[in-house]
>>> print(open('run.txt').read())   # compact mmCIF, C-alpha atoms
# COMPACT_ATOMS: atom_id res chain seq x y z
CA MET A 1 -2.77 -14.78 -9.19
CA ALA A 2 -6.02 -13.23 -10.27
CA ARG A 3 -8.77 -11.77 -8.18
CA SER A 4 -11.15 -14.22 -9.85
CA TYR A 5 -8.49 -16.78 -10.71
CA ARG A 6 -4.94 -16.64 -12.00
CA ARG A 7 -5.52 -15.70 -15.60
CA ARG A 8 -2.73 -16.02 -18.11
CA PRO A 9 -2.63 -15.35 -21.84
CA ARG A 10 -2.16 -18.37 -24.03
CA LEU A 11 1.44 -17.90 -25.01
CA GLY A 12 2.20 -20.99 -27.04
CA VAL A 13 2.48 -18.80 -30.12
CA LEU A 14 5.66 -17.32 -28.67
CA LEU A 15 7.47 -20.64 -28.46
CA GLY A 16 9.61 -20.15 -31.51
CA ALA A 17 11.27 -17.06 -30.09
CA PHE A 18 12.43 -19.03 -27.09
CA THR A 19 13.57 -22.24 -28.76
CA ALA A 20 17.25 -21.34 -29.09
CA ALA A 21 17.48 -19.98 -25.58
CA ALA A 22 15.80 -23.00 -24.04
CA LEU A 23 18.06 -25.39 -25.93
CA ALA A 24 21.08 -23.44 -24.78
CA VAL A 25 20.32 -23.96 -21.11
CA GLY A 26 23.16 -26.04 -19.70
CA GLY A 27 23.81 -28.06 -16.56
CA LEU A 28 24.48 -25.24 -14.14
CA ALA A 29 22.43 -26.40 -11.18
CA THR A 30 24.16 -27.28 -7.98
CA THR A 31 23.31 -30.05 -5.56
CA SER A 32 21.06 -28.96 -2.73
CA THR A 33 22.46 -29.12 0.78
CA ALA A 34 19.29 -27.81 2.35
CA ASN A 35 17.80 -31.10 3.53
CA ALA A 36 18.93 -30.52 7.08
CA ALA A 37 18.96 -26.74 6.93
CA SER A 38 18.03 -24.78 10.02
CA LYS A 39 17.59 -21.05 10.37
CA ALA A 40 17.70 -19.21 13.68
CA SER A 41 14.78 -17.06 14.69
CA THR A 42 15.33 -13.33 14.70
CA ALA A 43 14.45 -10.82 17.35
CA GLU A 44 11.59 -9.56 15.19
CA SER A 45 10.08 -12.93 14.30
CA SER A 46 9.58 -16.29 15.92
CA THR A 47 9.38 -18.03 12.56
CA ALA A 48 11.25 -21.29 12.27
CA ALA A 49 13.30 -22.20 9.23
CA VAL A 50 11.49 -22.81 5.98
CA PRO A 51 11.66 -26.61 5.68
CA ALA A 52 14.00 -28.14 3.15
CA HIS A 53 10.87 -29.41 1.40
CA ALA A 54 8.03 -26.93 1.66
CA VAL A 55 4.46 -26.32 0.53
CA THR A 56 3.43 -22.76 -0.36
CA GLY A 57 -0.16 -21.54 -0.56
CA TYR A 58 -1.68 -18.18 -1.46
CA TRP A 59 -4.29 -16.83 0.94
CA GLN A 60 -6.88 -14.55 -0.64
CA ASN A 61 -7.54 -11.16 0.91
CA PHE A 62 -10.80 -11.00 -1.05
CA ASP A 63 -13.89 -13.06 -1.78
CA ASN A 64 -14.06 -14.38 -5.34
CA GLY A 65 -16.29 -17.38 -4.83
CA ALA A 66 -13.73 -19.59 -3.13
CA THR A 67 -14.06 -20.37 0.57
CA VAL A 68 -13.50 -17.25 2.66
CA GLN A 69 -10.83 -17.93 5.27
CA LYS A 70 -9.04 -16.43 8.19
CA LEU A 71 -5.33 -17.19 8.30
CA ALA A 72 -6.05 -19.47 11.24
CA ASP A 73 -8.14 -21.64 8.89
CA VAL A 74 -5.19 -22.43 6.62
CA PRO A 75 -4.15 -26.08 7.14
CA ASP A 76 -0.84 -26.94 8.76
CA ALA A 77 0.22 -28.59 5.50
CA TYR A 78 1.22 -25.13 4.26
CA ASP A 79 4.73 -24.10 5.31
CA ILE A 80 4.67 -20.72 3.56
CA VAL A 81 1.47 -18.67 3.37
CA ALA A 82 1.56 -15.81 0.87
CA VAL A 83 -1.00 -13.10 1.61
CA ALA A 84 -2.47 -11.91 -1.70
CA PHE A 85 -2.00 -9.06 -2.41
CA ALA A 86 -0.30 -5.77 -1.58
CA ASP A 87 -1.41 -2.91 -3.82
CA ALA A 88 0.39 -0.12 -5.63
CA THR A 89 0.26 3.39 -4.19
CA THR A 90 0.59 6.73 -5.96
CA THR A 91 4.35 6.65 -5.26
CA PRO A 92 6.16 4.69 -8.02
CA GLY A 93 7.40 1.37 -6.64
CA ALA A 94 5.70 1.72 -3.27
CA VAL A 95 3.07 -0.72 -2.03
CA ASP A 96 0.55 -0.88 0.79
CA PHE A 97 -1.81 -3.47 2.21
CA THR A 98 -5.37 -3.14 3.43
CA LEU A 99 -7.16 -6.09 4.99
CA ASP A 100 -10.55 -6.63 3.32
CA SER A 101 -12.35 -6.92 6.64
CA ALA A 102 -15.80 -6.45 5.14
CA GLY A 103 -15.24 -9.03 2.41
CA LEU A 104 -13.79 -11.50 4.89
CA GLY A 105 -16.73 -11.53 7.27
CA GLY A 106 -15.50 -8.89 9.69
CA TYR A 107 -11.94 -10.24 10.05
CA THR A 108 -10.15 -7.54 12.04
CA GLU A 109 -6.57 -6.36 11.70
CA ASP A 110 -5.85 -7.33 15.30
CA ALA A 111 -7.10 -10.86 14.65
CA PHE A 112 -5.13 -11.00 11.39
CA LYS A 113 -1.91 -9.96 13.12
CA ALA A 114 -2.54 -12.43 15.93
CA ASP A 115 -3.06 -15.21 13.38
CA ILE A 116 0.25 -14.33 11.70
CA LYS A 117 2.02 -14.71 15.04
CA ALA A 118 0.24 -18.00 15.70
CA LYS A 119 1.31 -19.36 12.33
CA GLN A 120 4.88 -18.33 13.03
CA ALA A 121 4.76 -19.94 16.47
CA ALA A 122 3.71 -23.14 14.70
CA GLY A 123 6.82 -22.96 12.52
CA LYS A 124 5.22 -21.42 9.44
CA SER A 125 6.23 -18.38 7.39
CA VAL A 126 3.72 -15.70 6.39
CA ILE A 127 4.75 -13.34 3.60
CA ILE A 128 3.14 -10.53 1.61
CA SER A 129 2.62 -11.13 -2.10
CA ILE A 130 3.18 -8.27 -4.53
CA GLY A 131 1.27 -8.13 -7.79
CA GLY A 132 -1.19 -10.71 -9.04
CA GLU A 133 -3.00 -10.53 -12.35
CA LYS A 134 -4.12 -6.97 -11.70
CA GLY A 135 -1.00 -5.75 -9.93
CA THR A 136 0.54 -2.67 -11.51
CA ILE A 137 3.65 -2.13 -9.37
CA GLN A 138 6.54 -0.76 -11.42
CA VAL A 139 10.13 -0.81 -10.16
CA SER A 140 12.07 0.75 -12.99
CA ASP A 141 14.65 3.10 -11.49
CA ALA A 142 16.64 3.67 -8.32
CA ALA A 143 13.94 5.80 -6.69
CA SER A 144 11.16 3.26 -7.23
CA ALA A 145 13.47 0.45 -6.09
CA SER A 146 14.08 2.32 -2.85
CA ALA A 147 10.36 3.03 -2.43
CA PHE A 148 9.57 -0.65 -2.97
CA ALA A 149 12.09 -1.84 -0.38
CA ASP A 150 11.06 0.78 2.17
CA SER A 151 7.33 0.16 1.78
CA VAL A 152 7.56 -3.65 1.91
CA TYR A 153 9.79 -3.43 4.97
CA ALA A 154 7.24 -1.14 6.59
CA LEU A 155 4.56 -3.78 6.00
CA MET A 156 6.84 -6.44 7.47
CA GLN A 157 7.23 -4.34 10.58
CA GLU A 158 3.55 -3.44 10.83
CA TYR A 159 2.08 -6.91 10.30
CA GLY A 160 4.98 -9.18 11.16
CA PHE A 161 5.40 -10.63 7.67
CA ASP A 162 8.51 -12.80 7.22
CA GLY A 163 9.23 -11.63 3.71
CA VAL A 164 7.83 -11.04 0.27
CA ASP A 165 6.53 -12.90 -2.77
CA ILE A 166 7.05 -11.42 -6.23
CA ASP A 167 4.07 -12.19 -8.45
CA LEU A 168 4.39 -9.39 -10.97
CA GLU A 169 2.61 -10.53 -14.10
CA ASN A 170 2.80 -7.37 -16.15
CA GLY A 171 6.56 -7.22 -16.54
CA LEU A 172 9.51 -6.38 -14.31
CA ASN A 173 12.93 -4.81 -14.64
CA SER A 174 15.58 -7.25 -13.43
CA THR A 175 18.16 -4.55 -12.67
CA TYR A 176 16.01 -2.50 -10.35
CA MET A 177 13.88 -5.29 -8.90
CA SER A 178 17.09 -7.09 -7.92
CA GLN A 179 18.33 -3.87 -6.36
CA ALA A 180 15.07 -3.47 -4.44
CA LEU A 181 15.08 -7.04 -3.16
CA LYS A 182 18.69 -6.90 -2.01
CA SER A 183 17.97 -3.67 -0.17
CA LEU A 184 14.90 -5.21 1.44
CA ALA A 185 16.82 -8.30 2.50
CA ALA A 186 19.49 -6.15 4.11
CA LYS A 187 16.81 -4.32 6.09
CA ALA A 188 15.05 -7.52 7.12
CA GLY A 189 18.13 -9.42 8.21
CA ASP A 190 18.21 -13.11 9.09
CA GLY A 191 15.04 -15.09 8.48
CA PHE A 192 13.98 -13.16 5.38
CA VAL A 193 11.82 -15.27 3.05
CA LEU A 194 11.75 -14.45 -0.67
CA THR A 195 9.54 -16.33 -3.10
CA MET A 196 8.57 -15.73 -6.72
CA ALA A 197 5.66 -16.92 -8.87
CA PRO A 198 6.51 -16.21 -12.51
CA GLN A 199 4.40 -17.28 -15.46
CA THR A 200 5.77 -20.11 -17.59
CA ILE A 201 6.84 -17.74 -20.37
CA ASP A 202 8.93 -15.80 -17.87
CA MET A 203 11.15 -18.81 -17.12
CA GLN A 204 11.65 -20.21 -20.63
CA SER A 205 15.05 -18.56 -20.95
CA THR A 206 17.77 -17.32 -18.62
CA SER A 207 17.70 -14.09 -20.64
CA ALA A 208 14.11 -13.34 -19.56
CA GLU A 209 13.81 -10.57 -16.99
CA TYR A 210 12.16 -12.77 -14.34
CA PHE A 211 14.79 -15.49 -14.71
CA LYS A 212 17.54 -12.87 -14.62
CA THR A 213 16.05 -11.48 -11.41
CA ALA A 214 15.93 -14.91 -9.78
CA LEU A 215 19.56 -15.56 -10.63
CA ALA A 216 20.64 -12.09 -9.51
CA VAL A 217 19.12 -12.62 -6.04
CA LYS A 218 20.00 -16.30 -5.77
CA ASP A 219 21.87 -15.72 -2.51
CA ILE A 220 18.66 -14.53 -0.79
CA LEU A 221 16.07 -16.50 -2.79
CA THR A 222 13.96 -19.08 -1.00
CA VAL A 223 11.98 -20.58 -3.88
CA VAL A 224 10.59 -19.91 -7.35
CA ASN A 225 7.13 -21.47 -7.63
CA MET A 226 6.41 -21.05 -11.32
CA GLN A 227 2.77 -21.15 -12.42
CA TYR A 228 2.36 -24.26 -14.56
CA TYR A 229 -1.06 -23.22 -15.88
CA ASN A 230 -2.96 -20.67 -17.97
CA SER A 231 -0.10 -20.78 -20.44
CA GLY A 232 -0.81 -23.08 -23.34
CA SER A 233 2.00 -25.30 -24.63
CA MET A 234 5.61 -24.53 -23.74
CA LEU A 235 9.11 -25.79 -24.36
CA GLY A 236 10.84 -28.19 -22.02
CA CYS A 237 14.56 -28.25 -21.37
CA ASP A 238 14.96 -30.82 -24.15
CA GLY A 239 13.58 -28.38 -26.73
CA LYS A 240 10.34 -30.34 -27.20
CA VAL A 241 6.91 -28.78 -26.86
CA TYR A 242 4.75 -29.99 -23.97
CA SER A 243 1.07 -29.39 -23.31
CA GLN A 244 -0.07 -28.03 -19.98
CA GLY A 245 -2.09 -30.27 -17.71
CA THR A 246 0.36 -33.18 -17.91
CA VAL A 247 3.15 -34.56 -15.75
CA ASP A 248 5.58 -33.91 -18.63
CA PHE A 249 4.67 -30.22 -18.63
CA LEU A 250 5.61 -29.97 -14.96
CA THR A 251 8.85 -31.91 -15.15
CA ALA A 252 10.23 -30.75 -18.50
CA LEU A 253 9.66 -27.08 -17.66
CA ALA A 254 11.03 -27.41 -14.13
CA CYS A 255 14.15 -28.83 -15.74
CA ILE A 256 14.85 -25.47 -17.40
CA GLN A 257 15.16 -23.81 -13.99
CA LEU A 258 17.06 -26.73 -12.49
CA GLU A 259 19.59 -26.67 -15.32
CA GLY A 260 19.55 -22.91 -15.76
CA GLY A 261 21.31 -21.89 -12.56
CA LEU A 262 18.83 -22.22 -9.70
CA ASP A 263 19.57 -24.63 -6.89
CA PRO A 264 17.02 -27.47 -6.62
CA SER A 265 16.07 -26.08 -3.22
CA GLN A 266 14.93 -22.93 -5.04
CA VAL A 267 12.53 -24.68 -7.42
CA GLY A 268 8.89 -25.49 -6.69
CA ILE A 269 5.92 -26.59 -8.78
CA GLY A 270 2.89 -24.26 -8.80
CA THR A 271 -0.52 -25.63 -9.74
CA PRO A 272 -4.19 -24.67 -9.19
CA ALA A 273 -5.88 -26.27 -6.20
CA THR A 274 -9.03 -26.95 -8.25
CA SER A 275 -10.18 -26.60 -11.83
CA SER A 276 -12.11 -23.50 -10.74
CA ALA A 277 -8.92 -21.80 -9.58
CA ALA A 278 -7.46 -21.32 -13.06
CA GLY A 279 -8.61 -20.94 -16.61
CA SER A 280 -6.61 -23.95 -17.82
CA GLY A 281 -3.82 -26.29 -16.84
CA TYR A 282 -5.32 -27.91 -13.75
CA VAL A 283 -3.82 -31.28 -12.80
CA ALA A 284 -4.96 -33.63 -10.06
CA PRO A 285 -2.84 -33.62 -6.87
CA SER A 286 -1.66 -37.12 -7.81
CA VAL A 287 -0.06 -35.66 -10.95
CA VAL A 288 1.77 -33.07 -8.83
CA ASN A 289 3.09 -35.90 -6.68
CA ASP A 290 4.14 -37.87 -9.76
CA ALA A 291 6.09 -34.85 -11.01
CA LEU A 292 7.79 -34.46 -7.65
CA ASP A 293 8.75 -38.14 -7.72
CA CYS A 294 10.04 -37.88 -11.27
CA LEU A 295 12.27 -34.91 -10.47
CA THR A 296 13.54 -36.14 -7.12
CA LYS A 297 13.70 -39.91 -7.67
CA GLY A 298 13.34 -40.57 -11.39
CA THR A 299 10.09 -42.50 -10.84
CA ASN A 300 6.49 -41.94 -12.01
CA CYS A 301 7.69 -39.91 -15.00
CA GLY A 302 5.76 -39.50 -18.22
CA SER A 303 7.52 -39.49 -21.59
CA PHE A 304 10.04 -36.93 -20.31
CA LYS A 305 12.60 -38.22 -17.84
CA PRO A 306 15.34 -35.89 -16.56
CA SER A 307 18.92 -36.95 -17.12
CA LYS A 308 19.52 -36.77 -13.37
CA THR A 309 17.46 -36.41 -10.24
CA TYR A 310 17.14 -33.42 -7.91
CA PRO A 311 16.42 -34.75 -4.40
CA GLY A 312 16.77 -31.27 -2.95
CA LEU A 313 13.75 -29.91 -4.88
CA ARG A 314 11.92 -27.49 -2.58
CA GLY A 315 8.33 -28.64 -3.12
CA ALA A 316 5.03 -27.33 -4.45
CA MET A 317 2.72 -24.32 -4.42
CA THR A 318 -0.97 -23.82 -5.06
CA TRP A 319 -3.39 -21.06 -5.88
CA SER A 320 -5.02 -20.89 -3.45
CA THR A 321 -5.61 -22.07 0.12
CA ASN A 322 -9.16 -20.78 -0.35
CA TRP A 323 -9.79 -22.84 -3.48
CA ASP A 324 -8.19 -25.79 -1.70
CA ALA A 325 -10.67 -25.34 1.13
CA ALA A 326 -13.51 -25.22 -1.39
CA SER A 327 -12.67 -28.83 -2.32
CA GLY A 328 -12.25 -30.03 1.25
CA ASN A 329 -8.49 -29.34 1.25
CA ALA A 330 -7.99 -32.17 -1.23
CA TRP A 331 -4.85 -30.59 -2.72
CA SER A 332 -2.97 -29.98 0.54
CA SER A 333 -4.12 -33.28 2.03
CA ALA A 334 -2.49 -35.14 -0.85
CA VAL A 335 0.50 -32.96 -1.75
CA GLY A 336 1.46 -31.83 1.76
CA PRO A 337 2.39 -35.28 3.16
CA HIS A 338 4.10 -36.17 -0.13
CA VAL A 339 6.32 -33.09 0.05
CA ASP A 340 7.07 -33.75 3.72
CA ALA A 341 8.22 -37.27 2.84
CA MET A 342 10.54 -36.20 0.01
>>> encode(input="run.txt", output="structure tokens")
Amino acid sequence: MARSYRRRPRLGVLLGAFTAAALAVGGLATTSTANAASKASTAESSTAAVPAHAVTGYWQNFDNGATVQKLADVPDAYDIVAVAFADATTTPGAVDFTLDSAGLGGYTEDAFKADIKAKQAAGKSVIISIGGEKGTIQVSDAASASAFADSVYALMQEYGFDGVDIDLENGLNSTYMSQALKSLAAKAGDGFVLTMAPQTIDMQSTSAEYFKTALAVKDILTVVNMQYYNSGSMLGCDGKVYSQGTVDFLTALACIQLEGGLDPSQVGIGTPATSSAAGSGYVAPSVVNDALDCLTKGTNCGSFKPSKTYPGLRGAMTWSTNWDAASGNAWSSAVGPHVDAM
């Protein structure tokens, strides 16, 4: 996600390099058994289980023209709230977080921490997002992997975060990021929430570093909410090119993840809450719901229709809760109930 909006390069020109890999993706997905999943609370957190079908929203720790919010202002439709963003420190791999109290109208750390606890008491998860458009965190060796895990865990302890979101948009090393995330999960214990928000180009092939990371941490991964915007045209799992801003773009690209090794419960659809929230690729909430129906039920599809359905699909994500609020929460009001009813 960007500080102004989630900016992405137009990467359609790279399609040819990924054609063979996308076509090679086979039916490796397993059937989700998460519909009735329940996760016990830990001693450190009162957070309930992430629902089998969940809505994720990014909360902005900065003012970029969208509605300025406190966490308490985020609608109940959001099951996972990703706080954007933690920042790199001078130690390679390490991150820190500073609440932008001045930019958020005097929002204090004590109030922020209290709001996290209140969200958790209401059955929601609050996680810290790493990266964004301007994020420069590099985890490229054992030392930086250790620093990443230690520093994120320290933030979890300090603020009460339930886990972490990986939104690294300037590259990542699958070997050491996987190592860092497994170490972090071991520290966090039960109830750890791990989400990812790769760009579309990062999930075109199972050989891409982001995709490799997701598969390597599949045993601890909650959901991958790929960003279906700011990307230009991309390949679907059938090898055809699809234009962003359409139901086919959402379904045909989600199919790559669903057939590339991720469980349906680990796949979500990420879209901008408003046209102002992204440079391109906005779709109306009704289109998000059509894509969810197509993937889970085989209905409301466009020209692309998956060869099978994935009723265990996790749900949807948006950038951001603030941009959603700027439009009267139109996105969450439409998509939230639809996800709940899946």
>>> closest_residue(input="run.txt", among="A:Gly191, A:Pro92, A:Gly298, A:Pro272", to="Gln138 in chain A", atoms="all atoms listed in the file")
A:Pro92
>>> atom_distance(input="run.txt", atom1="CA of Ser243 in chain A", atom2="CA of Ile201 in chain A")
13.3 Å
>>> closest_residue(input="run.txt", among="A:Tyr310, A:Phe85, A:Tyr242, A:Tyr159", to="Asp110 in chain A", atoms="all atoms listed in the file")
A:Tyr159
>>> residues_around(input="run.txt", residues="Ala252 in chain A", least_positions_apart="2", cutoff="10 Å", atoms="only C-alpha atoms", output="list of chain:residue names")
A:Met234, A:Leu235, A:Gly236, A:Cys237, A:Asp238, A:Gly239, A:Lys240, A:Val241, A:Tyr242, A:Val247, A:Asp248, A:Phe249, A:Leu250, A:Ala254, A:Cys255, A:Ile256, A:Gln257, A:Leu258, A:Ala291, A:Leu295, A:Gly302, A:Ser303, A:Phe304, A:Lys305, A:Pro306
>>> atom_distance(input="run.txt", atom1="CA of Gly103 in chain A", atom2="CA of Gly65 in chain A")
11.1 Å
>>> closest_residue(input="run.txt", among="A:Leu313, A:Tyr229, A:Lys70, A:Val223", to="Ala114 in chain A", atoms="only C-alpha atoms")
A:Lys70
>>> closest_residue(input="run.txt", among="A:Ser146, A:Gln199, A:Asn61, A:Ser178", to="Thr108 in chain A", atoms="only C-alpha atoms")
A:Asn61
>>> closest_residue(input="run.txt", among="A:Thr200, A:Thr318, A:Asn225, A:Asn289", to="Thr271 in chain A", atoms="all atoms listed in the file")
A:Thr318
>>> closest_residue(input="run.txt", among="A:Ile80, A:Met226, A:Val193, A:Ala102", to="Glu169 in chain A", atoms="all atoms listed in the file")
A:Met226
>>> axis_aligned_box(input="run.txt", around="range 261-270 of chain A", padding_each_side="3 Å", output="lines of an AutoDock Vina configuration file")
center_x = 12.1
center_y = -24.7
center_z = -7.9
size_x = 24.4
size_y = 11.6
size_z = 15.3
>>> atom_distance(input="run.txt", atom1="CA of Leu71 in chain A", atom2="CA of Gln120 in chain A")
11.3 Å
>>> residues_around(input="run.txt", residues="Phe192 in chain A", least_positions_apart="5", cutoff="8 Å", atoms="all atoms listed in the file", output="list in words")
Asp162, Gly163, Ala185 and Ile220 of chain A
>>> residues_around(input="run.txt", residues="Val287 in chain A", least_positions_apart="5", cutoff="10 Å", atoms="all atoms listed in the file", output="list in words")
Gly245, Thr246, Val247, Asp248, Leu250, Tyr282, Leu292, Asp293, Asn300, Cys301 and Val335 of chain A
>>> residues_around(input="run.txt", residues="Ala154 in chain A", least_positions_apart="6", cutoff="12 Å", atoms="all atoms listed in the file", output="list of chain:residue names")
A:Ala94, A:Val95, A:Asp96, A:Phe97, A:Ile128, A:Ala147, A:Phe148, A:Gly160, A:Phe161, A:Asp162, A:Gly163, A:Val164, A:Leu184, A:Lys187, A:Ala188
